[in-house]
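> Have a peek at model31.tsv (TSV, C-alpha atoms and all ligand atoms).
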chain	number	residue	atom	x	y	z
A	1	MET	CA	9.06	32.92	11.68
A	2	THR	CA	5.95	32.22	13.73
A	3	GLN	CA	3.64	34.88	12.34
A	4	SER	CA	0.66	33.10	10.89
A	5	SER	CA	0.30	35.93	8.38
A	6	LEU	CA	3.69	35.05	6.91
A	7	LEU	CA	2.81	31.34	6.70
A	8	SER	CA	-0.51	32.07	5.09
A	9	SER	CA	1.10	34.27	2.48
A	10	LEU	CA	3.68	31.59	1.68
A	11	PHE	CA	1.75	28.33	1.69
A	12	ARG	CA	-1.39	27.31	-0.13
A	13	LYS	CA	-4.39	27.04	2.15
A	14	GLU	CA	-4.75	23.33	1.31
A	15	VAL	CA	-1.26	22.70	2.67
A	16	GLN	CA	-1.94	24.70	5.84
A	17	ALA	CA	-5.13	22.71	6.43
A	18	LEU	CA	-3.37	19.32	6.21
A	19	SER	CA	-1.68	17.48	9.04
A	20	ALA	CA	1.52	15.54	8.37
A	21	TYR	CA	1.32	11.75	8.01
A	22	LYS	CA	1.99	10.52	11.53
A	23	VAL	CA	3.97	7.36	12.21
A	24	ALA	CA	3.55	5.95	15.72
A	25	ASP	CA	6.67	5.41	17.83
A	26	ALA	CA	7.17	1.65	18.06
A	27	LYS	CA	10.25	1.66	20.29
A	28	GLY	CA	10.31	-1.45	22.48
A	29	LEU	CA	7.02	-2.73	21.07
A	30	ILE	CA	6.10	-5.68	18.86
A	31	LYS	CA	5.40	-3.85	15.62
A	32	LEU	CA	2.15	-5.02	14.04
A	33	ASP	CA	0.94	-1.64	12.78
A	34	ALA	CA	2.44	-1.08	9.34
A	35	MET	CA	2.07	-4.23	7.20
A	36	GLU	CA	5.74	-5.06	7.34
A	37	ASN	CA	7.04	-8.57	6.66
A	38	PRO	CA	8.33	-9.88	10.04
A	39	TYR	CA	10.97	-12.22	8.64
A	40	ASN	CA	14.69	-11.83	8.11
A	41	TRP	CA	16.82	-13.23	5.26
A	42	PRO	CA	18.84	-16.42	5.61
A	43	GLU	CA	22.50	-15.63	6.43
A	44	GLU	CA	23.70	-17.13	3.14
A	45	LEU	CA	21.43	-14.83	1.11
A	46	LYS	CA	22.55	-11.79	3.11
A	47	ASN	CA	26.17	-12.58	2.34
A	48	GLN	CA	25.48	-12.86	-1.40
A	49	TRP	CA	23.63	-9.54	-1.29
A	50	VAL	CA	26.47	-7.78	0.53
A	51	GLU	CA	28.87	-9.12	-2.13
A	52	GLU	CA	26.79	-7.46	-4.85
A	53	LEU	CA	26.66	-4.20	-2.95
A	54	LYS	CA	30.46	-4.19	-2.68
A	55	ASN	CA	30.77	-3.75	-6.42
A	56	CYS	CA	28.51	-0.73	-6.72
A	57	GLU	CA	29.89	2.72	-7.44
A	58	LEU	CA	28.36	5.15	-5.00
A	59	ASN	CA	30.46	7.98	-6.44
A	60	ARG	CA	28.38	7.73	-9.64
A	61	TYR	CA	24.76	8.71	-10.14
A	62	PRO	CA	22.36	5.77	-10.42
A	63	ASP	CA	21.07	4.54	-13.77
A	64	PRO	CA	18.29	7.12	-14.28
A	65	GLU	CA	15.97	4.51	-15.81
A	66	ALA	CA	17.02	1.61	-13.56
A	67	LYS	CA	16.91	-0.58	-16.67
A	68	LEU	CA	18.28	-3.80	-15.13
A	69	LEU	CA	15.76	-3.59	-12.32
A	70	ALA	CA	12.89	-2.71	-14.66
A	71	ASP	CA	13.71	-5.73	-16.85
A	72	THR	CA	13.80	-7.95	-13.78
A	73	LEU	CA	10.39	-6.68	-12.66
A	74	ARG	CA	9.02	-7.30	-16.13
A	75	VAL	CA	9.97	-10.96	-15.94
A	76	HIS	CA	9.04	-11.35	-12.26
A	77	ASP	CA	5.52	-9.97	-12.76
A	78	ALA	CA	5.00	-11.27	-16.33
A	79	ILE	CA	4.13	-7.77	-17.53
A	80	PRO	CA	2.52	-8.00	-20.99
A	81	GLU	CA	4.45	-6.64	-24.00
A	82	CYS	CA	1.97	-3.80	-24.46
A	83	GLY	CA	2.78	-2.26	-21.06
A	84	ASP	CA	5.64	0.00	-20.00
A	85	ILE	CA	6.89	0.42	-16.46
A	86	LEU	CA	7.62	3.45	-14.27
A	87	LEU	CA	9.58	3.13	-11.02
A	88	GLY	CA	8.99	5.23	-7.92
A	89	ASN	CA	10.60	5.80	-4.54
A	90	GLY	CA	7.80	3.73	-3.03
A	91	SER	CA	4.38	3.67	-4.62
A	92	ASP	CA	3.64	6.79	-2.57
A	93	GLU	CA	5.90	8.69	-4.95
A	94	ILE	CA	4.07	7.22	-7.93
A	95	ILE	CA	0.74	8.41	-6.54
A	96	GLN	CA	2.34	11.84	-6.22
A	97	MET	CA	3.69	11.78	-9.79
A	98	LEU	CA	0.31	10.76	-11.18
A	99	LEU	CA	-1.49	13.53	-9.32
A	100	MET	CA	1.13	16.17	-10.16
A	101	ALA	CA	0.58	15.50	-13.84
A	102	LEU	CA	-3.15	16.30	-13.73
A	103	THR	CA	-4.73	19.63	-14.66
A	104	PRO	CA	-5.22	22.03	-11.71
A	105	GLY	CA	-8.42	21.34	-9.81
A	106	ALA	CA	-8.95	17.93	-11.45
A	107	ALA	CA	-11.25	15.47	-9.69
A	108	VAL	CA	-9.78	12.38	-8.00
A	109	LEU	CA	-12.03	9.48	-7.05
A	110	SER	CA	-11.51	6.64	-4.60
A	111	THR	CA	-13.39	4.79	-1.91
A	112	THR	CA	-13.91	5.53	1.79
A	113	PRO	CA	-12.16	3.90	3.48
A	114	SER	CA	-9.11	3.41	1.31
A	115	PHE	CA	-5.37	4.04	1.42
A	116	VAL	CA	-4.94	7.47	3.03
A	117	MET	CA	-2.26	8.78	0.66
A	118	TYR	CA	-4.70	9.06	-2.27
A	119	ARG	CA	-6.57	11.73	-0.33
A	120	GLN	CA	-3.58	13.28	1.43
A	121	ILE	CA	-1.56	13.90	-1.75
A	122	SER	CA	-4.63	15.03	-3.70
A	123	LEU	CA	-5.40	17.65	-1.06
A	124	SER	CA	-1.78	18.79	-0.85
A	125	LEU	CA	-1.88	19.49	-4.59
A	126	GLY	CA	-5.19	21.33	-4.48
A	127	LEU	CA	-7.09	18.60	-6.35
A	128	ASN	CA	-10.72	17.71	-5.68
A	129	PHE	CA	-10.77	14.39	-3.89
A	130	HIS	CA	-14.01	12.40	-3.61
A	131	GLY	CA	-14.15	9.25	-1.47
A	132	ILE	CA	-17.24	7.15	-2.16
A	133	SER	CA	-18.34	5.09	0.82
A	134	LEU	CA	-18.06	1.33	0.58
A	135	GLN	CA	-20.97	-0.86	1.58
A	136	ASN	CA	-21.23	-2.22	5.14
A	137	ASP	CA	-19.39	-5.40	4.13
A	138	PHE	CA	-16.70	-3.21	2.46
A	139	ALA	CA	-17.80	-4.21	-1.05
A	140	LEU	CA	-17.73	-1.51	-3.73
A	141	ASP	CA	-20.97	0.42	-4.06
A	142	VAL	CA	-21.00	0.16	-7.85
A	143	PRO	CA	-24.06	2.35	-8.54
A	144	ALA	CA	-22.60	5.07	-6.29
A	145	MET	CA	-19.21	4.80	-8.02
A	146	LEU	CA	-20.79	5.02	-11.47
A	147	ALA	CA	-22.89	8.00	-10.40
A	148	ALA	CA	-19.77	9.73	-9.04
A	149	ILE	CA	-17.92	9.08	-12.32
A	150	GLU	CA	-20.83	10.67	-14.17
A	151	GLN	CA	-21.04	13.62	-11.79
A	152	TYR	CA	-17.35	14.48	-11.18
A	153	GLN	CA	-15.72	13.15	-14.38
A	154	PRO	CA	-12.62	12.15	-12.39
A	155	ALA	CA	-9.27	12.43	-14.15
A	156	ILE	CA	-8.12	9.48	-12.07
A	157	ILE	CA	-9.64	6.75	-9.91
A	158	PHE	CA	-7.63	4.85	-7.27
A	159	LEU	CA	-8.81	1.39	-6.22
A	160	ALA	CA	-6.70	-0.66	-3.81
A	161	TYR	CA	-6.98	-4.36	-4.69
A	162	PRO	CA	-7.01	-5.77	-1.97
A	163	ASN	CA	-8.17	-2.65	-0.17
A	164	ASN	CA	-6.33	-1.10	2.77
A	165	PRO	CA	-7.44	-0.94	5.61
A	166	THR	CA	-10.31	-3.37	5.03
A	167	GLY	CA	-8.29	-6.25	3.51
A	168	ASN	CA	-10.96	-7.42	1.04
A	169	LEU	CA	-10.71	-7.82	-2.72
A	170	PHE	CA	-13.36	-5.93	-4.66
A	171	ALA	CA	-15.34	-7.99	-7.17
A	172	ALA	CA	-13.41	-8.09	-10.47
A	173	GLU	CA	-16.69	-7.49	-12.33
A	174	ALA	CA	-17.16	-4.21	-10.46
A	175	LEU	CA	-13.66	-3.07	-11.46
A	176	HIS	CA	-14.35	-3.92	-15.11
A	177	GLY	CA	-17.53	-1.84	-14.92
A	178	ILE	CA	-15.59	1.13	-13.54
A	179	LEU	CA	-12.84	0.77	-16.16
A	180	LYS	CA	-15.44	0.81	-18.93
A	181	ALA	CA	-17.42	3.73	-17.48
A	182	SER	CA	-14.40	5.94	-16.86
A	183	SER	CA	-12.86	8.20	-19.49
A	184	GLY	CA	-10.08	9.03	-17.03
A	185	LEU	CA	-7.30	6.85	-15.64
A	186	VAL	CA	-8.04	3.92	-13.34
A	187	VAL	CA	-5.21	2.86	-11.02
A	188	ILE	CA	-5.56	-0.62	-9.56
A	189	ASP	CA	-3.21	-0.56	-6.56
A	190	GLU	CA	-1.94	-4.10	-5.95
A	191	ALA	CA	0.29	-3.34	-2.96
A	192	TYR	CA	-0.85	-6.63	-1.35
A	193	ALA	CA	-0.46	-8.82	-4.44
A	194	PRO	CA	1.91	-11.28	-2.68
A	195	PHE	CA	-0.95	-12.30	-0.37
A	196	ALA	CA	-3.85	-12.18	-2.82
A	197	ASP	CA	-4.81	-14.56	-5.53
A	198	ALA	CA	-5.89	-11.88	-7.99
A	199	SER	CA	-4.40	-9.30	-10.33
A	200	PHE	CA	-5.30	-6.95	-13.17
A	201	ILE	CA	-1.86	-7.09	-14.81
A	202	GLU	CA	-3.13	-9.30	-17.62
A	203	GLN	CA	-5.92	-6.80	-18.24
A	204	LEU	CA	-3.36	-4.16	-19.27
A	205	ALA	CA	-3.76	-5.55	-22.78
A	206	CYS	CA	-7.50	-4.77	-22.70
A	207	TYR	CA	-7.78	-1.21	-21.33
A	208	ASP	CA	-5.80	1.85	-22.42
A	209	ASN	CA	-6.87	3.74	-19.28
A	210	LEU	CA	-5.75	1.02	-16.83
A	211	LEU	CA	-2.64	1.45	-14.70
A	212	VAL	CA	-1.57	-1.30	-12.29
A	213	MET	CA	0.60	-0.24	-9.36
A	214	ARG	CA	2.67	-2.49	-7.12
A	215	THR	CA	5.32	-2.15	-4.44
A	216	LEU	CA	8.03	-4.29	-2.88
A	217	SER	CA	7.21	-2.88	0.57
A	218	LYS	CA	4.64	-5.41	1.75
A	219	MET	CA	6.52	-8.33	0.23
A	220	GLY	CA	9.38	-7.68	2.63
A	221	LEU	CA	11.42	-4.74	1.35
A	222	ALA	CA	9.71	-1.74	2.96
A	223	GLY	CA	13.06	-0.19	3.78
A	224	LEU	CA	14.12	-0.04	0.13
A	225	ARG	CA	11.26	2.19	-1.03
A	226	LEU	CA	10.44	0.73	-4.41
A	227	GLY	CA	7.09	0.98	-6.14
A	228	TYR	CA	6.22	0.53	-9.80
A	229	LEU	CA	3.46	1.40	-12.19
A	230	MET	CA	2.55	-0.52	-15.33
A	231	GLY	CA	0.50	0.83	-18.19
A	232	HIS	CA	0.24	2.10	-21.73
A	233	PRO	CA	3.59	3.46	-23.02
A	234	ASP	CA	2.02	6.85	-23.90
A	235	LEU	CA	0.93	7.33	-20.28
A	236	ILE	CA	4.25	6.19	-18.84
A	237	GLN	CA	6.07	8.53	-21.21
A	238	GLN	CA	4.20	11.56	-19.87
A	239	LEU	CA	4.77	10.52	-16.26
A	240	ASN	CA	8.49	10.12	-16.89
A	241	LYS	CA	8.65	13.90	-17.41
A	242	ILE	CA	7.40	14.44	-13.86
A	243	ARG	CA	9.74	11.85	-12.36
A	244	LEU	CA	12.94	13.19	-10.84
A	245	PRO	CA	15.91	11.81	-12.82
A	246	TYR	CA	17.55	9.68	-10.12
A	247	ASN	CA	14.57	8.79	-7.98
A	248	ILE	CA	15.68	5.18	-7.44
A	249	ASN	CA	19.03	5.18	-5.68
A	250	THR	CA	21.83	2.78	-6.53
A	251	LEU	CA	21.50	0.69	-3.35
A	252	SER	CA	17.79	0.20	-3.96
A	253	GLN	CA	18.32	-0.74	-7.60
A	254	ILE	CA	20.90	-3.39	-6.77
A	255	SER	CA	19.09	-4.72	-3.71
A	256	ALA	CA	15.68	-4.96	-5.36
A	257	LYS	CA	17.11	-6.71	-8.40
A	258	PHE	CA	18.96	-9.11	-6.13
A	259	ALA	CA	15.82	-9.90	-4.11
A	260	LEU	CA	13.67	-10.44	-7.22
A	261	THR	CA	16.17	-12.91	-8.63
A	262	HIS	CA	15.86	-14.95	-5.41
A	263	PRO	CA	12.07	-15.17	-5.33
A	264	ALA	CA	11.87	-18.50	-3.48
A	265	VAL	CA	12.74	-16.95	-0.12
A	266	PHE	CA	10.13	-14.22	-0.43
A	267	ASP	CA	7.46	-16.53	-1.85
A	268	ALA	CA	7.96	-18.86	1.12
A	269	GLN	CA	7.67	-15.93	3.54
A	270	SER	CA	4.45	-14.72	1.87
A	271	GLN	CA	3.00	-18.21	2.09
A	272	MET	CA	3.91	-18.40	5.75
A	273	ILE	CA	2.18	-15.05	6.34
A	274	CYS	CA	-0.96	-16.32	4.56
A	275	LYS	CA	-0.92	-19.45	6.71
A	276	HIS	CA	-0.67	-17.40	9.91
A	277	ARG	CA	-3.37	-15.05	8.59
A	278	ARG	CA	-5.81	-17.98	8.49
A	279	HIS	CA	-4.86	-18.91	12.04
A	280	VAL	CA	-5.16	-15.37	13.43
A	281	PHE	CA	-8.50	-14.95	11.65
A	282	GLU	CA	-9.82	-18.13	13.27
A	283	GLN	CA	-8.62	-17.02	16.69
A	284	LEU	CA	-10.19	-13.58	16.30
A	285	SER	CA	-13.42	-15.16	15.10
A	286	ASP	CA	-13.50	-17.33	18.23
A	287	ILE	CA	-13.62	-14.26	20.47
A	288	PRO	CA	-17.33	-13.47	20.95
A	289	GLU	CA	-16.85	-9.69	21.41
A	290	ILE	CA	-14.83	-9.36	18.18
A	291	THR	CA	-15.89	-9.29	14.52
A	292	ALA	CA	-12.98	-10.10	12.22
A	293	TYR	CA	-13.19	-9.33	8.50
A	294	PRO	CA	-11.81	-11.78	5.92
A	295	SER	CA	-8.56	-10.56	4.39
A	296	SER	CA	-6.58	-11.13	1.20
A	297	ALA	CA	-3.70	-9.02	2.53
A	298	ASN	CA	-1.10	-9.37	5.30
A	299	PHE	CA	-3.31	-7.75	7.92
A	300	ILE	CA	-6.75	-8.23	9.45
A	301	LEU	CA	-9.30	-5.55	10.28
A	302	PHE	CA	-11.51	-6.28	13.26
A	303	ARG	CA	-14.36	-4.56	15.07
A	304	THR	CA	-14.49	-4.16	18.84
A	305	PRO	CA	-17.60	-3.63	20.99
A	306	LEU	CA	-19.16	-0.16	20.70
A	307	ASP	CA	-16.89	2.68	21.87
A	308	GLN	CA	-14.21	0.36	23.25
A	309	ALA	CA	-11.66	0.52	20.42
A	310	ASP	CA	-9.49	3.26	21.95
A	311	ALA	CA	-9.33	1.51	25.33
A	312	ILE	CA	-8.61	-1.89	23.79
A	313	PHE	CA	-5.92	-0.42	21.55
A	314	SER	CA	-4.22	1.20	24.56
A	315	ALA	CA	-4.49	-1.94	26.66
A	316	ILE	CA	-2.85	-3.96	23.89
A	317	ARG	CA	-0.05	-1.41	23.60
A	318	GLN	CA	0.39	-1.48	27.35
A	319	GLN	CA	1.15	-5.18	26.93
A	320	GLY	CA	3.88	-4.41	24.41
A	321	VAL	CA	2.08	-4.79	21.07
A	322	LEU	CA	1.53	-1.91	18.64
A	323	ILE	CA	-1.36	-2.31	16.18
A	324	LYS	CA	-3.32	0.37	14.30
A	325	ASN	CA	-6.29	2.22	15.74
A	326	LEU	CA	-8.71	3.29	13.00
A	327	ASN	CA	-11.58	4.33	15.25
A	328	ALA	CA	-10.87	8.05	14.82
A	329	HIS	CA	-11.49	7.76	11.05
A	330	GLY	CA	-15.16	7.23	11.89
A	331	GLY	CA	-17.73	6.03	9.39
A	332	LEU	CA	-17.33	2.35	8.54
A	333	LEU	CA	-14.09	2.27	10.56
A	334	ARG	CA	-15.70	3.27	13.83
A	335	ASP	CA	-14.67	0.76	16.56
A	336	CYS	CA	-12.15	-0.83	14.16
A	337	LEU	CA	-8.56	-1.89	14.80
A	338	ARG	CA	-6.11	-3.39	12.31
A	339	VAL	CA	-3.39	-5.91	13.03
A	340	THR	CA	-0.53	-6.88	10.72
A	341	ILE	CA	0.30	-10.59	10.58
A	342	GLY	CA	3.66	-11.15	12.32
A	343	THR	CA	5.64	-14.20	13.32
A	344	GLU	CA	3.85	-17.02	15.11
A	345	THR	CA	5.09	-15.79	18.51
A	346	GLU	CA	4.15	-12.18	17.78
A	347	ASN	CA	0.65	-13.24	16.71
A	348	GLU	CA	0.21	-15.28	19.88
A	349	THR	CA	1.35	-12.36	22.02
A	350	PHE	CA	-1.15	-10.13	20.23
A	351	ILE	CA	-4.08	-12.53	20.66
A	352	ASN	CA	-3.27	-12.92	24.36
A	353	ALA	CA	-3.01	-9.16	24.80
A	354	LEU	CA	-6.37	-8.69	23.06
A	355	GLN	CA	-8.03	-11.32	25.25
A	356	ASN	CA	-6.60	-9.71	28.41
A	357	SER	CA	-7.85	-6.31	27.30
A	358	LEU	CA	-11.42	-7.63	27.00
A	359	ARG	CA	-11.59	-8.95	30.53
B	401	LIG	C1	1.33	0.40	1.85
B	401	LIG	C2	0.54	0.82	0.67
B	401	LIG	C3	1.13	1.57	-0.35
B	401	LIG	C4	2.46	2.25	-0.18
B	401	LIG	O1	3.51	1.53	-0.57
B	401	LIG	P1	4.97	2.10	-0.63
B	401	LIG	O2	5.51	1.49	-1.86
B	401	LIG	O3	5.63	1.63	0.62
B	401	LIG	O4	4.93	3.61	-0.73
B	401	LIG	C5	0.38	1.83	-1.49
B	401	LIG	N1	-0.88	1.41	-1.60
B	401	LIG	C6	-1.49	0.71	-0.62
B	401	LIG	C7	-2.89	0.27	-0.79
B	401	LIG	C8	-0.78	0.41	0.55
B	401	LIG	O5	-1.41	-0.22	1.54
As C-alpha cells, please, write out the structure in this file.


Amino acid sequence: MTQSSLLSSLFRKEVQALSAYKVADAKGLIKLDAMENPYNWPEELKNQWVEELKNCELNRYPDPEAKLLADTLRVHDAIPECGDILLGNGSDEIIQMLLMALTPGAAVLSTTPSFVMYRQISLSLGLNFHGISLQNDFALDVPAMLAAIEQYQPAIIFLAYPNNPTGNLFAAEALHGILKASSGLVVIDEAYAPFADASFIEQLACYDNLLVMRTLSKMGLAGLRLGYLMGHPDLIQQLNKIRLPYNINTLSQISAKFALTHPAVFDAQSQMICKHRRHVFEQLSDIPEITAYPSSANFILFRTPLDQADAIFSAIRQQGVLIKNLNAHGGLLRDCLRVTIGTETENETFINALQNSLR
C-alpha cells in the first residue's frame, strides 16, 4: 500500500499536500506550549464530580442535543434570547462543521498569523483560504481586510478575539466594520474569553451574519473537548444537519455541566492566570534582548534577537521547559516564541531558563 499512484488516485491532492497537525512530545517537561490551565481542582470538588459521574448510564447513547449542558451554557454566558447554540467536540470540530457546510471552492478569510486550524481545515476540504497579514503591531489591517472581502467575497471570515498566537484583542470598531462589509458569515472566536475583558456575545442581537465561538479548553477543561457556537437560529439549524448525532459524549456532557455550575473555582483560576500574566510580561520586558507583546490571553508572544529563536527554544527545552517555537511560520512570527502562563513556580523556571539561554 505504498504506491504513490494508489494514494494519488484515492486522496484529493489538497489532502496529500497537507501535513498532519503535530503535537510536541512533552514527556518529563514543564508544559507551557498549549495554553492549558495549570491548576487542579480542589479535592472536595473532585469528589462531588465523581459522584455525578457514578449516576451516568454509559450503556445508553448521550442526549444528542446535550440540552442540560446547552441550557447551562446559555445561563453561564448570558447568551441573548435571539441566539441559538451548537455544541462541538472542541471548537475545532465546529470550525470543521462550518467549513463542511459551505459550497465547494468557497473562499475563507482570516488573518496571518491566526489560529492554524482555520487554514488547515479549509485546505483539507478544498476551500480557498486567504490569510490577510496583520500590521507590525498585530493590529488588523482594516483596509486590506475590506479589500479582500470585496475581491474574494468570502463565505466565512474567522477572527480570533483575542488572537492566537499574538495574544492581542483587535479593535472592536474594526470588527464592526468587517461585520458590516461582509455578506458572508463572520465568526468571532473567543477561545480566550476567560482572560479577556471583551466579547461580541451581546452583538448577536445586532448582526444576522455574526457567529460567536467559545471553548472550555483554555478555561481549564481541555481534556473534555467542548466548544460551542452561538448565532442566529436559522444558521444553527443548518449546521445541526452536518453535526454527527452524538458528538458530545456523556462524560463530557455531565462534566462540563458540573464545572459550569461551580464557576467560582474556574473564575479564581483565570484571575490567578491573569495576575501571573502581568508578572511574566514585566519580567520578559525587563530582559533587554527580548520584546514581549501585550496579551489578553493566557499566553505571551515574545521576539528573540535575529535568528536566535530556534537556539533559544532548544536551550529552554534542554532545561526542562517546553514552549512553542513559531519562528518557522515566518512573516510576522519570525524570531517569535510563545509561552503559556503556568503556575508561579513553572513561570519562574521558564524565566530562569530563558535568561540562561541568552548568556
Ligand atoms: C485553542 C483554540 C481553539 C481550539 O479550541 P478547542 O475547543 O480545544 O478545539 C480555537 N480557537 C482558538 C483561537 C484557539 O486558540

> Counting all atoms listed in the file, which protein, DNA or RNA residues come within 6 Å of ligand LIG 401 (chain B), given as a compact mmCIF listing (two decimals) with C-alpha atoms, keeping the file's coordinate frame?


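Writing the result to part_9.txt gives the following:
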# COMPACT_ATOMS: atom_id res chain seq x y z
CA GLY A 90 7.80 3.73 -3.03
CA SER A 91 4.38 3.67 -4.62
CA ASP A 92 3.64 6.79 -2.57
CA PHE A 115 -5.37 4.04 1.42
CA ALA A 160 -6.70 -0.66 -3.81
CA ASN A 164 -6.33 -1.10 2.77
CA ASP A 189 -3.21 -0.56 -6.56
CA ALA A 191 0.29 -3.34 -2.96
CA THR A 215 5.32 -2.15 -4.44
CA SER A 217 7.21 -2.88 0.57
CA ALA A 222 9.71 -1.74 2.96
CA ARG A 225 11.26 2.19 -1.03
CA LEU A 226 10.44 0.73 -4.41
CA GLY A 227 7.09 0.98 -6.14

> Quote the spacing between CA of Ser357 (chain A) and CA of Ser114 (chain A) in Å to one decimal place.

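Here the two named atoms are 27.8 Å from each other.
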
> Rank A:Ala66, A:Val321, A:Leu332, A:Leu185 by their smallest atom-to-atom distance to Thr345 (chain A), using all atoms listed in the file, and report the top residue only.

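Nearest candidate to Thr345 (chain A) out of A:Ala66, A:Val321, A:Leu332, A:Leu185: A:Val321.
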
> I'd like the contact shell of Val265 (chain A) - 9 Å cut-off, all atoms listed in the file, skipping same-chain residues fewer than 4 positions apart - returned as a list in words.

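The residues that qualify are Trp41, Pro42, Ala259, Gln269 and Ser270 of chain A.
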
> Determine, counting all atoms listed in the file, which protein, DNA and RNA residues have an atom within 12 Å of an atom of Met117 (chain A); residues of the same chain fewer than 4 positions away are not included. Present the result as a list in words.

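Those residues are Leu18, Ala20, Tyr21, Lys22, Gly90, Ser91, Asp92, Glu93, Ile94, Ile95, Gln96, Leu99, Ser110, Pro113, Ile121, Ser122, Leu123, Ser124, Leu125, Phe129, Phe158, Ala160, Asn164 and Asp189 of chain A.
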
> Using the file's own x, y and z axes, so that the box edges lie along x, y and z, what centre and edge lengths in Å (one decimal) does a box around every listed atom of region 101-119 of chain A get when 5 Å is added on each side? Give it as AutoDock Vina command-line options.


--center_x -6.7 --center_y 12.7 --center_z -5.6 --size_x 24.5 --size_y 28.6 --size_z 28.1

> Because the input lacks atoms here, generate N, CA, C and O atoms for region 295-308 of chain A and report them as an mmCIF file, keeping the file's coordinate frame.


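See selection29.cif below for the written result:
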data_model
loop_
_atom_site.group_PDB
_atom_site.id
_atom_site.type_symbol
_atom_site.label_atom_id
_atom_site.label_comp_id
_atom_site.auth_asym_id
_atom_site.auth_seq_id
_atom_site.Cartn_x
_atom_site.Cartn_y
_atom_site.Cartn_z
ATOM 1 N N SER A 295 -9.596 -11.374 5.011
ATOM 2 C CA SER A 295 -8.560 -10.560 4.390
ATOM 3 C C SER A 295 -7.792 -11.307 3.316
ATOM 4 O O SER A 295 -7.491 -12.483 3.468
ATOM 5 N N SER A 296 -7.476 -10.608 2.232
ATOM 6 C CA SER A 296 -6.580 -11.130 1.200
ATOM 7 C C SER A 296 -5.240 -10.420 1.252
ATOM 8 O O SER A 296 -4.479 -10.436 0.287
ATOM 9 N N ALA A 297 -4.957 -9.767 2.381
ATOM 10 C CA ALA A 297 -3.700 -9.020 2.530
ATOM 11 C C ALA A 297 -2.921 -9.572 3.732
ATOM 12 O O ALA A 297 -3.265 -10.637 4.245
ATOM 13 N N ASN A 298 -1.893 -8.869 4.166
ATOM 14 C CA ASN A 298 -1.100 -9.370 5.300
ATOM 15 C C ASN A 298 -1.495 -8.690 6.606
ATOM 16 O O ASN A 298 -0.665 -8.455 7.483
ATOM 17 N N PHE A 299 -2.779 -8.340 6.695
ATOM 18 C CA PHE A 299 -3.310 -7.750 7.920
ATOM 19 C C PHE A 299 -4.770 -8.148 8.043
ATOM 20 O O PHE A 299 -5.367 -8.642 7.081
ATOM 21 N N ILE A 300 -5.323 -7.940 9.240
ATOM 22 C CA ILE A 300 -6.750 -8.230 9.450
ATOM 23 C C ILE A 300 -7.385 -7.034 10.160
ATOM 24 O O ILE A 300 -6.845 -6.526 11.154
ATOM 25 N N LEU A 301 -8.502 -6.594 9.630
ATOM 26 C CA LEU A 301 -9.300 -5.550 10.280
ATOM 27 C C LEU A 301 -10.315 -6.227 11.181
ATOM 28 O O LEU A 301 -10.909 -7.237 10.790
ATOM 29 N N PHE A 302 -10.489 -5.696 12.383
ATOM 30 C CA PHE A 302 -11.510 -6.280 13.260
ATOM 31 C C PHE A 302 -12.249 -5.192 14.029
ATOM 32 O O PHE A 302 -11.726 -4.110 14.269
ATOM 33 N N ARG A 303 -13.499 -5.521 14.381
ATOM 34 C CA ARG A 303 -14.360 -4.560 15.070
ATOM 35 C C ARG A 303 -14.503 -4.947 16.533
ATOM 36 O O ARG A 303 -14.722 -6.119 16.857
ATOM 37 N N THR A 304 -14.370 -3.957 17.393
ATOM 38 C CA THR A 304 -14.490 -4.160 18.840
ATOM 39 C C THR A 304 -15.904 -3.772 19.269
ATOM 40 O O THR A 304 -16.630 -3.162 18.501
ATOM 41 N N PRO A 305 -16.291 -4.086 20.509
ATOM 42 C CA PRO A 305 -17.600 -3.630 20.990
ATOM 43 C C PRO A 305 -17.698 -2.095 20.950
ATOM 44 O O PRO A 305 -16.675 -1.408 21.016
ATOM 45 N N LEU A 306 -18.899 -1.590 20.883
ATOM 46 C CA LEU A 306 -19.160 -0.160 20.700
ATOM 47 C C LEU A 306 -18.355 0.713 21.683
ATOM 48 O O LEU A 306 -18.382 0.482 22.885
ATOM 49 N N ASP A 307 -17.635 1.672 21.107
ATOM 50 C CA ASP A 307 -16.890 2.680 21.870
ATOM 51 C C ASP A 307 -15.789 2.106 22.773
ATOM 52 O O ASP A 307 -15.421 2.726 23.767
ATOM 53 N N GLN A 308 -15.287 0.932 22.435
ATOM 54 C CA GLN A 308 -14.210 0.360 23.250
ATOM 55 C C GLN A 308 -12.873 0.293 22.505
ATOM 56 O O GLN A 308 -11.862 -0.138 23.070
#
